[in-house]
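Colleague: Handing over coords13.txt, compact mmCIF, C-alpha atoms and all ligand atoms.
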```
# COMPACT_ATOMS: atom_id res chain seq x y z
CA MET L 29 128.42 95.24 137.41
CA ALA L 30 132.05 95.62 136.44
CA ARG L 31 132.56 98.51 134.05
CA GLU L 32 134.57 96.37 131.62
CA ALA L 33 131.67 93.94 131.17
CA GLN L 34 129.49 96.58 129.54
CA ALA L 35 129.51 96.63 125.75
CA PRO L 36 130.75 100.01 124.57
CA MET L 37 127.92 102.12 123.17
CA PRO L 38 128.79 102.81 119.52
CA ARG L 39 129.24 106.48 118.82
CA HIS L 40 126.88 107.99 116.29
CA ASP L 41 129.73 108.81 113.96
CA ASP L 42 131.55 105.52 114.45
CA ILE L 43 131.93 104.38 110.86
CA SER L 44 132.71 100.80 111.88
CA SER L 45 129.22 100.35 113.31
CA MET L 46 127.44 101.70 110.24
CA ILE L 47 126.52 99.98 107.00
CA SER L 48 126.46 101.73 103.64
CA VAL L 49 123.22 102.93 102.05
CA GLN L 50 123.76 100.44 99.23
CA ASP L 51 124.25 97.49 101.59
CA ALA L 52 121.20 98.49 103.62
CA ARG L 53 119.16 98.76 100.45
CA ASN L 54 120.38 95.45 99.08
CA GLY L 55 119.49 93.83 102.40
CA VAL L 56 115.96 95.19 102.18
CA MET L 57 115.43 94.40 98.51
CA SER L 58 116.67 90.82 98.88
CA LYS L 59 113.68 90.16 101.15
CA ILE L 60 111.06 91.89 99.02
CA GLN L 61 108.93 89.75 96.73
CA THR L 62 106.63 90.87 93.97
CA LEU L 63 103.03 90.34 95.11
CA GLN L 64 101.22 87.43 93.49
CA ALA L 65 99.00 88.46 90.62
CA ILE L 66 95.27 88.70 91.21
CA GLU L 67 92.36 89.37 88.88
CA LEU L 68 91.03 92.89 89.28
CA PRO L 69 88.19 94.73 87.56
CA LEU L 70 89.67 96.99 84.88
CA GLN L 71 88.96 100.21 86.81
CA GLU L 72 90.88 98.92 89.81
CA ALA L 73 93.70 97.57 87.66
CA HIS L 74 94.53 101.08 86.45
CA GLY L 75 98.18 101.84 87.23
CA CYS L 76 99.02 98.20 87.98
CA ILE L 77 101.47 95.98 86.10
CA LEU L 78 99.90 93.33 83.88
CA ALA L 79 101.15 89.95 85.10
CA GLU L 80 101.19 88.13 81.74
CA ASP L 81 100.57 88.69 78.03
CA VAL L 82 96.93 89.06 77.08
CA ILE L 83 96.37 87.45 73.65
CA ALA L 84 93.62 88.77 71.40
CA GLU L 85 90.94 86.13 70.93
CA ALA L 86 89.24 87.96 68.07
CA ASP L 87 89.98 90.60 65.45
CA ILE L 88 89.60 94.27 66.29
CA PRO L 89 87.62 95.67 64.61
CA PRO L 90 85.62 92.46 64.31
CA PHE L 91 84.07 93.34 60.90
CA ALA L 92 84.83 95.62 57.95
CA SER L 93 82.85 98.86 58.23
CA SER L 94 82.27 102.06 56.34
CA ALA L 95 84.30 105.17 57.08
CA MET L 96 81.67 107.40 55.38
CA ASP L 97 77.95 107.86 54.91
CA GLY L 98 77.21 106.88 51.31
CA PHE L 99 76.65 103.83 49.11
CA ALA L 100 78.43 100.51 49.27
CA VAL L 101 79.22 99.41 45.70
CA ARG L 102 81.38 97.19 43.54
CA SER L 103 84.12 99.60 42.51
CA SER L 104 84.34 97.99 39.04
CA ASP L 105 80.72 99.09 38.34
CA ALA L 106 81.47 102.80 38.71
CA THR L 107 85.14 103.24 37.81
CA ALA L 108 84.35 105.54 34.92
CA ALA L 109 81.72 107.67 36.70
CA THR L 110 82.09 111.47 36.50
CA PRO L 111 79.63 114.27 37.25
CA GLU L 112 79.16 114.66 33.46
CA SER L 113 78.53 110.97 32.83
CA PRO L 114 77.31 109.40 36.08
CA VAL L 115 76.70 105.67 36.48
CA GLY L 116 73.27 104.58 37.70
CA LEU L 117 73.00 101.67 40.20
CA GLN L 118 69.97 99.90 41.66
CA VAL L 119 69.57 100.51 45.44
CA VAL L 120 68.79 97.08 46.90
CA GLY L 121 68.91 97.73 50.64
CA LYS L 122 70.55 99.50 53.53
CA ALA L 123 73.37 98.88 56.03
CA MET L 124 72.76 100.51 59.38
CA ILE L 125 75.11 100.85 62.32
CA GLY L 126 74.91 97.96 64.76
CA GLN L 127 72.93 95.77 62.38
CA ARG L 128 73.52 93.13 59.76
CA PRO L 129 72.99 94.66 56.22
CA ASP L 130 69.61 93.66 54.81
CA ALA L 131 70.98 92.95 51.30
CA THR L 132 74.08 91.92 49.42
CA VAL L 133 75.56 93.96 46.57
CA GLY L 134 75.44 92.31 43.14
CA ARG L 135 76.64 93.65 39.81
CA GLY L 136 74.94 97.01 39.05
CA GLU L 137 73.65 97.30 42.64
CA ALA L 138 74.30 99.53 45.68
CA VAL L 139 73.38 99.49 49.39
CA ARG L 140 72.89 102.71 51.34
CA ILE L 141 75.37 102.69 54.23
CA ALA L 142 76.05 104.72 57.38
CA THR L 143 79.46 105.47 58.90
CA GLY L 144 80.44 102.53 61.13
CA ALA L 145 77.91 100.13 59.58
CA PRO L 146 79.14 96.70 58.41
CA ILE L 147 80.02 96.45 54.70
CA PRO L 148 77.45 94.25 52.95
CA ALA L 149 78.68 91.14 51.19
CA GLY L 150 79.60 91.78 47.56
CA ALA L 151 80.62 95.43 48.05
CA ASP L 152 84.29 96.40 47.96
CA SER L 153 84.15 100.18 48.38
CA VAL L 154 81.98 103.06 49.55
CA VAL L 155 81.05 106.14 47.52
CA PRO L 156 80.57 109.14 49.86
CA ILE L 157 77.06 110.61 49.88
CA GLU L 158 78.29 113.91 48.38
CA ASP L 159 79.35 112.02 45.23
CA CYS L 160 75.92 110.43 44.82
CA ARG L 161 72.53 111.65 43.59
CA GLU L 162 69.57 109.64 44.85
CA GLU L 163 66.69 109.10 42.45
CA GLY L 164 63.96 106.91 44.01
CA ASP L 165 65.27 103.34 44.14
CA ARG L 166 68.29 104.23 42.02
CA VAL L 167 71.46 106.17 42.75
CA GLN L 168 73.65 108.07 40.31
CA ILE L 169 77.35 107.72 41.12
CA LEU L 170 79.09 111.00 40.22
CA ARG L 171 82.64 109.94 40.94
CA GLY L 172 84.21 106.48 40.77
CA VAL L 173 86.20 105.07 43.68
CA PRO L 174 89.09 102.59 43.73
CA MET L 175 88.63 99.22 45.36
CA GLY L 176 88.77 99.35 49.19
CA LYS L 177 88.06 103.08 49.35
CA HIS L 178 86.35 104.28 52.58
CA ILE L 179 86.37 100.79 54.07
CA ARG L 180 87.87 100.13 57.48
CA PRO L 181 89.06 96.53 57.19
CA ALA L 182 88.42 93.94 59.88
CA ALA L 183 91.50 93.26 62.09
CA GLU L 184 93.07 96.57 61.03
CA ASP L 185 94.03 97.33 64.66
CA ILE L 186 94.54 93.86 66.19
CA ARG L 187 94.46 90.40 64.64
CA ALA L 188 93.23 87.37 66.62
CA GLY L 189 96.30 85.73 68.13
CA ASP L 190 98.26 88.98 68.43
CA VAL L 191 99.53 90.15 71.81
CA LEU L 192 96.89 92.66 72.87
CA VAL L 193 98.85 94.00 75.88
CA ALA L 194 102.22 92.55 76.89
CA GLY L 195 102.87 91.25 80.39
CA GLY L 196 104.97 93.72 82.40
CA ARG L 197 103.16 96.68 80.87
CA ARG L 198 101.72 99.24 83.28
CA LEU L 199 98.02 99.60 82.61
CA SER L 200 97.20 103.20 81.89
CA ALA L 201 94.36 104.74 79.92
CA PRO L 202 95.02 103.30 76.42
CA GLU L 203 95.70 99.78 77.72
CA LEU L 204 92.48 99.78 79.76
CA GLY L 205 90.56 100.88 76.68
CA LEU L 206 92.19 98.22 74.51
CA LEU L 207 91.43 95.44 77.01
CA ALA L 208 87.83 96.63 77.15
CA ALA L 209 87.68 96.76 73.33
CA ALA L 210 88.62 93.08 73.35
CA GLY L 211 85.81 92.36 75.79
CA HIS L 212 87.81 91.93 79.00
CA MET L 213 86.23 93.10 82.25
CA ARG L 214 89.17 92.10 84.39
CA ALA L 215 92.93 91.85 84.19
CA SER L 216 95.51 89.75 86.01
CA VAL L 217 97.83 92.25 87.68
CA HIS L 218 100.22 92.60 90.59
CA PRO L 219 98.09 94.38 93.18
CA ARG L 220 98.88 97.55 95.10
CA PRO L 221 100.42 96.67 98.48
CA ARG L 222 98.26 97.51 101.49
CA VAL L 223 100.54 99.49 103.77
CA VAL L 224 99.68 99.99 107.44
CA VAL L 225 101.35 103.05 108.92
CA PHE L 226 101.96 103.62 112.65
CA SER L 227 103.38 106.58 114.49
CA THR L 228 104.99 106.01 117.87
CA GLY L 229 105.67 108.49 120.64
CA ASP L 230 104.22 109.69 123.95
CA GLU L 231 104.66 113.25 122.70
CA LEU L 232 102.36 112.81 119.71
CA VAL L 233 98.91 114.30 119.37
CA GLU L 234 96.68 113.79 116.34
CA PRO L 235 96.12 116.87 114.16
CA GLY L 236 92.87 118.58 115.14
CA LYS L 237 93.48 118.03 118.86
CA THR L 238 94.87 120.77 121.11
CA LEU L 239 98.56 120.62 121.95
CA GLU L 240 99.51 120.68 125.59
CA PHE L 241 102.96 121.97 126.43
CA GLY L 242 105.66 119.58 125.29
CA LYS L 243 103.47 117.75 122.79
CA ILE L 244 103.65 117.91 118.98
CA HIS L 245 101.26 116.96 116.24
CA ASP L 246 101.82 113.63 114.49
CA SER L 247 103.01 114.71 111.06
CA ASN L 248 104.78 111.51 109.98
CA MET L 249 101.49 109.67 109.55
CA TYR L 250 100.48 112.15 106.86
CA THR L 251 103.86 112.42 105.17
CA LEU L 252 103.95 108.64 104.87
CA PHE L 253 100.32 108.47 103.76
CA GLY L 254 101.18 110.76 100.87
CA GLN L 255 104.38 108.96 99.98
CA VAL L 256 102.69 105.54 100.00
CA LYS L 257 99.92 106.83 97.75
CA GLU L 258 102.33 108.59 95.42
CA ALA L 259 104.21 105.29 95.05
CA GLY L 260 100.93 103.70 93.91
CA ALA L 261 100.31 101.62 97.05
CA MET L 262 97.37 101.84 99.47
CA PRO L 263 98.02 103.42 102.88
CA TYR L 264 96.01 102.62 106.00
CA SER L 265 96.42 104.22 109.41
CA GLY L 266 97.39 101.85 112.19
CA GLY L 267 97.12 104.77 114.61
CA THR L 268 99.26 107.01 116.75
CA ILE L 269 100.71 104.64 119.34
CA GLN L 270 102.13 105.57 122.73
CA ASP L 271 105.63 104.44 123.62
CA ASP L 272 104.20 101.23 124.98
CA VAL L 273 105.63 97.93 123.81
CA ASP L 274 102.44 95.94 124.31
CA GLU L 275 100.26 98.54 122.62
CA LEU L 276 102.51 98.58 119.55
CA LYS L 277 102.81 94.79 119.33
CA GLU L 278 99.09 94.38 119.63
CA ALA L 279 98.41 97.03 117.02
CA VAL L 280 100.84 95.50 114.52
CA LEU L 281 99.73 91.93 115.06
CA SER L 282 96.05 92.89 114.79
CA HIS L 283 96.70 94.08 111.22
CA LEU L 284 98.70 91.06 110.09
CA SER L 285 95.97 89.44 108.05
CA GLN L 286 95.15 92.54 105.96
CA ALA L 287 98.55 94.20 105.61
CA ASP L 288 101.21 93.57 102.99
CA VAL L 289 103.68 96.02 104.53
CA PHE L 290 104.13 97.80 107.87
CA ILE L 291 105.80 101.14 108.40
CA SER L 292 106.32 102.77 111.79
CA SER L 293 108.12 105.96 112.64
CA GLY L 294 109.96 106.70 115.87
CA GLY L 295 111.39 104.47 118.54
CA VAL L 296 114.31 102.89 116.70
CA SER L 297 117.21 104.97 117.96
CA VAL L 298 119.27 104.62 121.11
CA GLY L 299 117.01 106.69 123.35
CA GLU L 300 115.44 105.23 126.45
CA ARG L 301 112.09 104.71 124.76
CA ASP L 302 112.97 102.56 121.76
CA VAL L 303 109.52 101.14 121.60
CA VAL L 304 109.79 99.52 118.16
CA LYS L 305 113.10 98.00 119.05
CA ALA L 306 111.80 96.71 122.36
CA ALA L 307 108.70 95.24 120.74
CA PHE L 308 110.37 93.37 117.92
CA PHE L 309 114.08 93.03 118.53
CA ARG L 310 113.71 90.22 121.00
CA ARG L 311 111.26 88.40 118.76
CA GLY L 312 114.11 88.28 116.26
CA ASP L 313 111.84 89.58 113.55
CA ILE L 314 113.53 92.86 112.84
CA ASP L 315 117.14 93.88 112.48
CA PHE L 316 118.13 97.27 113.82
CA TYR L 317 121.19 98.91 112.38
CA ARG L 318 122.80 102.21 111.56
CA VAL L 319 123.08 103.34 107.99
CA ALA L 320 125.85 105.73 106.99
CA MET L 321 123.38 108.34 105.81
CA GLN L 322 122.02 111.67 106.91
CA PRO L 323 119.23 112.05 107.67
CA GLY L 324 117.91 108.60 108.56
CA MET L 325 120.77 106.82 110.30
CA PRO L 326 118.94 104.42 112.63
CA GLN L 327 116.76 101.96 110.76
CA GLY L 328 114.89 98.79 111.52
CA PHE L 329 113.83 96.27 108.90
CA GLY L 330 112.65 92.71 108.87
CA LEU L 331 109.78 90.39 108.16
CA ILE L 332 106.95 89.82 110.60
CA GLU L 333 105.31 86.58 109.56
CA GLY L 334 106.59 87.20 106.06
CA LYS L 335 105.37 90.81 105.87
CA PRO L 336 108.03 93.50 105.45
CA TYR L 337 108.26 95.85 108.45
CA PHE L 338 110.09 99.15 108.09
CA GLY L 339 110.95 100.82 111.38
CA LEU L 340 111.92 104.38 110.52
CA PRO L 341 113.43 106.96 112.84
CA GLY L 342 111.01 109.60 114.10
CA ASN L 343 112.39 112.84 112.74
CA PRO L 344 110.14 114.09 109.96
CA VAL L 345 112.88 114.62 107.37
CA SER L 346 114.44 111.25 108.23
CA VAL L 347 111.05 109.69 107.55
CA PHE L 348 110.75 111.35 104.16
CA VAL L 349 114.27 110.44 103.06
CA SER L 350 114.15 106.88 104.43
CA PHE L 351 110.95 106.27 102.52
CA GLU L 352 112.54 107.53 99.31
CA VAL L 353 115.69 105.47 99.75
CA PHE L 354 114.32 102.17 101.07
CA ILE L 355 110.54 101.89 100.99
CA ARG L 356 109.57 103.36 97.65
CA PRO L 357 111.77 100.95 95.64
CA ALA L 358 110.47 98.08 97.77
CA LEU L 359 106.83 98.99 97.11
CA LEU L 360 107.51 99.37 93.39
CA LYS L 361 109.13 95.93 93.33
CA MET L 362 106.11 94.45 95.13
CA MET L 363 103.92 95.95 92.40
CA GLY L 364 106.01 94.27 89.70
CA ARG L 365 107.67 97.45 88.47
CA THR L 366 111.14 97.08 87.00
CA GLU L 367 112.22 100.73 87.08
CA LEU L 368 112.62 101.32 90.80
CA GLU L 369 114.69 104.50 90.79
CA ARG L 370 113.71 108.13 90.80
CA PRO L 371 115.11 109.98 87.82
CA LYS L 372 118.50 111.52 88.59
CA VAL L 373 119.99 114.63 87.05
CA THR L 374 123.39 116.23 87.33
CA ALA L 375 122.90 119.80 88.52
CA THR L 376 125.06 122.80 89.32
CA LEU L 377 124.70 123.90 92.94
CA GLU L 378 123.57 127.44 93.63
CA GLY L 379 124.69 127.35 97.27
CA PRO L 380 126.83 125.16 99.53
CA ILE L 381 125.65 121.91 101.09
CA SER L 382 127.48 119.86 103.68
CA GLY L 383 127.22 116.96 106.11
CA PRO L 384 129.27 114.38 107.97
CA LYS L 385 132.10 113.15 105.75
CA GLU L 386 131.56 109.47 106.51
CA LYS L 387 127.89 109.50 105.52
CA THR L 388 125.88 109.79 102.32
CA VAL L 389 124.03 113.06 102.77
CA PHE L 390 120.66 113.76 101.17
CA ALA L 391 120.21 117.53 100.98
CA ARG L 392 116.87 119.13 100.14
CA VAL L 393 117.03 121.27 97.00
CA THR L 394 114.86 122.79 94.33
CA VAL L 395 116.11 121.50 91.02
CA GLU L 396 115.12 123.03 87.70
CA PRO L 397 116.31 123.28 84.12
CA SER L 398 118.90 125.99 83.63
CA GLY L 399 120.59 126.72 80.33
CA SER L 400 121.47 123.38 78.77
CA GLY L 401 121.54 121.60 82.15
CA TRP L 402 120.05 121.79 85.64
CA SER L 403 120.55 123.93 88.71
CA ALA L 404 119.95 122.95 92.33
CA ALA L 405 119.32 125.45 95.13
CA PRO L 406 119.39 124.32 98.79
CA THR L 407 116.06 125.02 100.51
CA GLY L 408 117.35 125.67 104.02
CA GLY L 409 118.98 124.18 107.11
CA ARG L 410 119.91 120.54 107.34
CA GLY L 411 118.22 119.65 110.66
CA SER L 412 116.22 116.45 110.30
CA ASN L 413 113.26 118.08 112.03
CA LEU L 414 112.91 120.85 109.42
CA LEU L 415 110.00 119.53 107.37
CA ALA L 416 109.31 122.87 105.67
CA THR L 417 112.64 122.53 103.86
CA VAL L 418 111.26 119.36 102.25
CA ALA L 419 107.95 121.02 101.40
CA ARG L 420 109.88 123.68 99.47
CA ALA L 421 112.04 121.10 97.68
CA ASN L 422 111.57 118.84 94.68
CA GLY L 423 114.87 116.98 94.82
CA LEU L 424 117.40 115.37 97.11
CA ALA L 425 121.01 116.25 96.27
CA ILE L 426 123.42 113.46 97.15
CA ILE L 427 126.75 114.18 98.77
CA PRO L 428 128.56 110.84 98.57
CA GLY L 429 130.51 109.36 101.48
CA GLY L 430 134.03 110.78 101.69
CA VAL L 431 132.92 114.27 100.68
CA GLU L 432 132.17 116.77 103.41
CA LYS L 433 131.05 119.83 101.54
CA LEU L 434 130.04 120.96 98.08
CA ASP L 435 130.12 124.61 97.09
CA ALA L 436 128.12 126.84 94.79
CA GLY L 437 129.19 126.01 91.22
CA ASP L 438 129.97 122.34 92.03
CA GLU L 439 128.16 119.56 90.22
CA VAL L 440 125.90 117.28 92.22
CA GLN L 441 123.63 114.30 91.53
CA VAL L 442 119.99 115.03 92.40
CA MET L 443 117.13 112.54 92.83
CA VAL L 444 114.08 114.34 91.51
CA PHE L 445 111.01 113.37 93.53
CA ARG L 446 108.49 115.64 91.82
CA PRO L 447 108.28 118.23 89.05
CA ARG L 448 109.25 121.76 90.06
CA ASP L 449 105.75 123.23 90.35
CA ASP L 450 103.82 120.15 91.41
P1 LIG T 1 112.36 109.10 117.90
O1 LIG T 1 112.97 108.48 116.70
O2 LIG T 1 111.13 108.39 118.38
O3 LIG T 1 113.37 109.28 118.99
O4 LIG T 1 111.89 110.55 117.48
C1 LIG T 1 112.81 111.49 116.99
C2 LIG T 1 112.18 112.86 116.87
O5 LIG T 1 111.12 112.80 115.93
C3 LIG T 1 111.55 113.36 118.16
O6 LIG T 1 111.80 114.75 118.25
C4 LIG T 1 110.08 113.08 117.96
O7 LIG T 1 109.27 113.97 118.72
C5 LIG T 1 109.90 113.30 116.49
N1 LIG T 1 108.80 112.51 116.01
C6 LIG T 1 108.63 111.19 116.22
N2 LIG T 1 107.50 110.74 115.64
C7 LIG T 1 106.92 111.82 115.05
C8 LIG T 1 105.73 112.00 114.30
N3 LIG T 1 104.91 110.99 114.06
N4 LIG T 1 105.45 113.24 113.83
C9 LIG T 1 106.31 114.25 114.08
N5 LIG T 1 107.44 114.15 114.78
C10 LIG T 1 107.76 112.94 115.28
MG MG T 2 109.87 108.40 119.93
```
With the file now loaded, output its structure as structure tokens.

Modeller:
Amino acid sequence: MAREAQAPMPRHDDISSMISVQDARNGVMSKIQTLQAIELPLQEAHGCILAEDVIAEADIPPFASSAMDGFAVRSSDATAATPESPVGLQVVGKAMIGQRPDATVGRGEAVRIATGAPIPAGADSVVPIEDCREEGDRVQILRGVPMGKHIRPAAEDIRAGDVLVAGGRRLSAPELGLLAAAGHMRASVHPRPRVVVFSTGDELVEPGKTLEFGKIHDSNMYTLFGQVKEAGAMPYSGGTIQDDVDELKEAVLSHLSQADVFISSGGVSVGERDVVKAAFFRRGDIDFYRVAMQPGMPQGFGLIEGKPYFGLPGNPVSVFVSFEVFIRPALLKMMGRTELERPKVTATLEGPISGPKEKTVFARVTVEPSGSGWSAAPTGGRGSNLLATVARANGLAIIPGGVEKLDAGDEVQVMVFRPRDD
């Protein structure tokens, strides 16, 4: 073949063949849809976004009840009562918790009542037991009460027709309790995506198995498992796959009916064993491109029969950063979340960080409050294989494109991916 006919291999630092982080992200997000709402039992709906307003069908509480043990009375009967000149009332029945009162309260009458019991008809207040003296079937009221005293009105919390929980709200503990209080067993929510994770590489050995020379343990599977779970989605292992095109295709396709999202690591760069690329590029399902970022330059993304497929590079730090930048926001969008970003803080660097000028660099740092602001300390070298530098970190400091180096004392934007001591 004539030399001229060969397409020139783009250089790794050739800016013209790279797309920006923002463009890559926009490309991904434009293809991500929020998952259709499904009805889930309340326990399973915890942490999910409610798909639509839930309207209260009934008042909460459903009936007026007593806030004290005592006697339900007509306040006008005992307004003037004092310990020196008590007012005597006829006890005509009792109101017990969970039951309909066995009497109504007429003029000059009282019903013995327990905390939480329904207020009997005719009564408009409750005299606490310590302000009463029982004498057979009569009670002496020692202190008068104003109308409404010690009564918890019906509908005090929620009125029928009110919005009980608004659509778009994330269901956490109080919302689950409120839905249950209104009698709901289930809620219509955007479900957690089921994410099938694959690792690719002939060099990979599952943890627990002995390493022969030249092999390494598959760590990406576990990093991604954790990241998927921490995003609120449900990870499943698709297995550690050899660099074998047919094996990978078969594994991915066999999960199509249960998966909402696929993630693989390895096999997307320009090496001779680009297994992910070989498996899916020719099908036209996945685009492979270079993103002007470090780590995580080579990326693959597309839809396989409508399901998002993220082909990440294999280096462990590239995996972590790529997930943060592209996959986490996508999973949050699928779950109906509207805030897709990690919190960002502006921090003062405690040591220098650097990277290729033409790329956005994500540097591992520990970020913590310092004085009135934040400080960020680099956790070690910048090699994309150095996973321990991520394990020590809680933030990714961002060196924007066009900047090669930041020094101690410089300000930097940091994405905080967990609290300092978590
Ligand atoms: P690749 O992108 O497949 O060329 O892999 C890049 C580097 O990441 C190589 O050094 C691989 O050995 C390493 N690597 C790939 N997959 C994994 C994995 N699942 N766990 C740990 N290291 C990996
Ligand atoms: Mg590989």

Colleague: Using all atoms of stretch 148-157 of chain L listed in the file and a margin of 6 Å per side, can you give the axis-aligned box centre and edge lengths in Å to one decimal, as JSON?

Modeller:
```
{"center_x": 80.7, "center_y": 100.9, "center_z": 50.2, "size_x": 19.2, "size_y": 31.5, "size_z": 17.4}
```

Colleague: May I ask you to write as number ranges by chain all residues lying at most 8 Å from ligand LIG 1 (chain T), with all atoms listed in the file counted?

Modeller: L: 227-229, 231-232, 244-249, 268, 293-299, 301-302, 340-344, 413

Colleague: Using only C-alpha atoms, determine which residues lie at most 12 Å from L:His212, disregarding the query and same-chain residues fewer than 2 positions distant; provide the list as number ranges by chain.

Modeller: L: 67-71, 73, 82-86, 192-193, 203-210, 214-216

Colleague: How many Å separate atom CA of L:Ala106 from atom CA of L:Gly172?

Modeller: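 Distance between the two atoms: 5.0 Å.
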
Colleague: Within 10 Å of L:Gly408, counting all atoms listed in the file, which residues qualify if same-chain residues fewer than 3 places away don't, as a CSV table (one decimal) with C-alpha atoms, keeping the file's coordinate frame?

Modeller:
```csv
chain,number,residue,atom,x,y,z
L,381,ILE,CA,125.6,121.9,101.1
L,391,ALA,CA,120.2,117.5,101.0
L,392,ARG,CA,116.9,119.1,100.1
L,393,VAL,CA,117.0,121.3,97.0
L,405,ALA,CA,119.3,125.4,95.1
L,411,GLY,CA,118.2,119.6,110.7
L,414,LEU,CA,112.9,120.8,109.4
L,416,ALA,CA,109.3,122.9,105.7
L,417,THR,CA,112.6,122.5,103.9
L,418,VAL,CA,111.3,119.4,102.2
L,420,ARG,CA,109.9,123.7,99.5
L,421,ALA,CA,112.0,121.1,97.7
```

Colleague: May I ask for the distance between atom CA of L:Val101 and atom CA of L:Gly134, given in Å to one decimal place?

Modeller: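 Taking atom CA of L:Val101 and atom CA of L:Gly134, their separation equals 8.4 Å.
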
Colleague: Let me make sure I understand: among L:Gly136, L:Ser153, L:Pro336, L:Thr376, which one has the smallest atom-to-atom distance to L:Ser58 if we use only C-alpha atoms?

Modeller: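 Among L:Gly136, L:Ser153, L:Pro336, L:Thr376, it is L:Pro336 that comes nearest to L:Ser58.
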
Colleague: Have a look at L:Asp449, L:Asp271, L:Glu72, L:Asp435 and name the one nearest to L:Asn422; count only C-alpha atoms.

Modeller: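 Among L:Asp449, L:Asp271, L:Glu72, L:Asp435, it is L:Asp449 that comes nearest to L:Asn422.
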
Colleague: Separation of atom CA of L:Pro129 and atom CA of L:Thr110, in Å?

Modeller: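 These atoms are spaced 27.5 Å apart.
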
Colleague: Taking only C-alpha atoms into account, which of L:Gln286, L:Thr374, L:Ser103, L:Gln64 comes nearest L:Ser400?

Modeller: L:Thr374

Colleague: Looking at all atoms listed in the file, which of L:Gly254, L:Gly334, L:Gly429, L:Gly196 is the one that sits closest to L:Glu367?

Modeller: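 Nearest to L:Glu367: L:Gly196.
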
Colleague: Just want the 6 Å neighbourhood of L:Met262, counted on all atoms listed in the file, with same-chain residues fewer than 2 positions away dropped. Output as a list of chain:residue names.

Modeller: L:Arg222, L:Val223, L:Lys257

Colleague: Which neighbours of L:Ala100 fall inside 8 Å, counting all atoms listed in the file, when residues of the same chain fewer than 3 positions from it are skipped, and could you give them as a PyMOL selection string?

Modeller: chain L and resi 133+138-141+147-148+151-155

Colleague: Kindly save the residues from that selection, with C-alpha atoms included, as a tab-separated table (two decimals), in the coordinates of the input.

Modeller:
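And here's result_28.tsv as it stands now:
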```tsv
chain	number	residue	atom	x	y	z
L	133	VAL	CA	75.56	93.96	46.57
L	138	ALA	CA	74.30	99.53	45.68
L	139	VAL	CA	73.38	99.49	49.39
L	140	ARG	CA	72.89	102.71	51.34
L	141	ILE	CA	75.37	102.69	54.23
L	147	ILE	CA	80.02	96.45	54.70
L	148	PRO	CA	77.45	94.25	52.95
L	151	ALA	CA	80.62	95.43	48.05
L	152	ASP	CA	84.29	96.40	47.96
L	153	SER	CA	84.15	100.18	48.38
L	154	VAL	CA	81.98	103.06	49.55
L	155	VAL	CA	81.05	106.14	47.52
```

Colleague: Point out the residue among L:Lys305, L:Arg135, L:Arg410, L:Arg448 with the least atom-to-atom distance to ligand MG 2 (chain T), counting only C-alpha atoms and all ligand atoms.

Modeller: L:Lys305

Colleague: Show me, as a tab-separated table (two decimals) with C-alpha atoms, in the coordinates of the input, the residues that have an atom within 12 Å of L:Leu284 when counting only C-alpha atoms, minus same-chain residues fewer than 3 positions from it.

Modeller:
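Below is the file that was written, selection_23.tsv:
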```tsv
chain	number	residue	atom	x	y	z
L	222	ARG	CA	98.26	97.51	101.49
L	223	VAL	CA	100.54	99.49	103.77
L	224	VAL	CA	99.68	99.99	107.44
L	266	GLY	CA	97.39	101.85	112.19
L	277	LYS	CA	102.81	94.79	119.33
L	278	GLU	CA	99.09	94.38	119.63
L	279	ALA	CA	98.41	97.03	117.02
L	280	VAL	CA	100.84	95.50	114.52
L	281	LEU	CA	99.73	91.93	115.06
L	287	ALA	CA	98.55	94.20	105.61
L	288	ASP	CA	101.21	93.57	102.99
L	289	VAL	CA	103.68	96.02	104.53
L	290	PHE	CA	104.13	97.80	107.87
L	331	LEU	CA	109.78	90.39	108.16
L	332	ILE	CA	106.95	89.82	110.60
L	333	GLU	CA	105.31	86.58	109.56
L	334	GLY	CA	106.59	87.20	106.06
L	335	LYS	CA	105.37	90.81	105.87
L	336	PRO	CA	108.03	93.50	105.45
L	337	TYR	CA	108.26	95.85	108.45
```

Colleague: Within 7 Å of (99.5, 92.1, 83.9) (coordinates as in the file), grab all the protein and nucleic acid residues, counting only C-alpha atoms, and write them out as a VMD selection string.

Modeller: chain L and resid 77 to 81 195 to 197 215 to 218
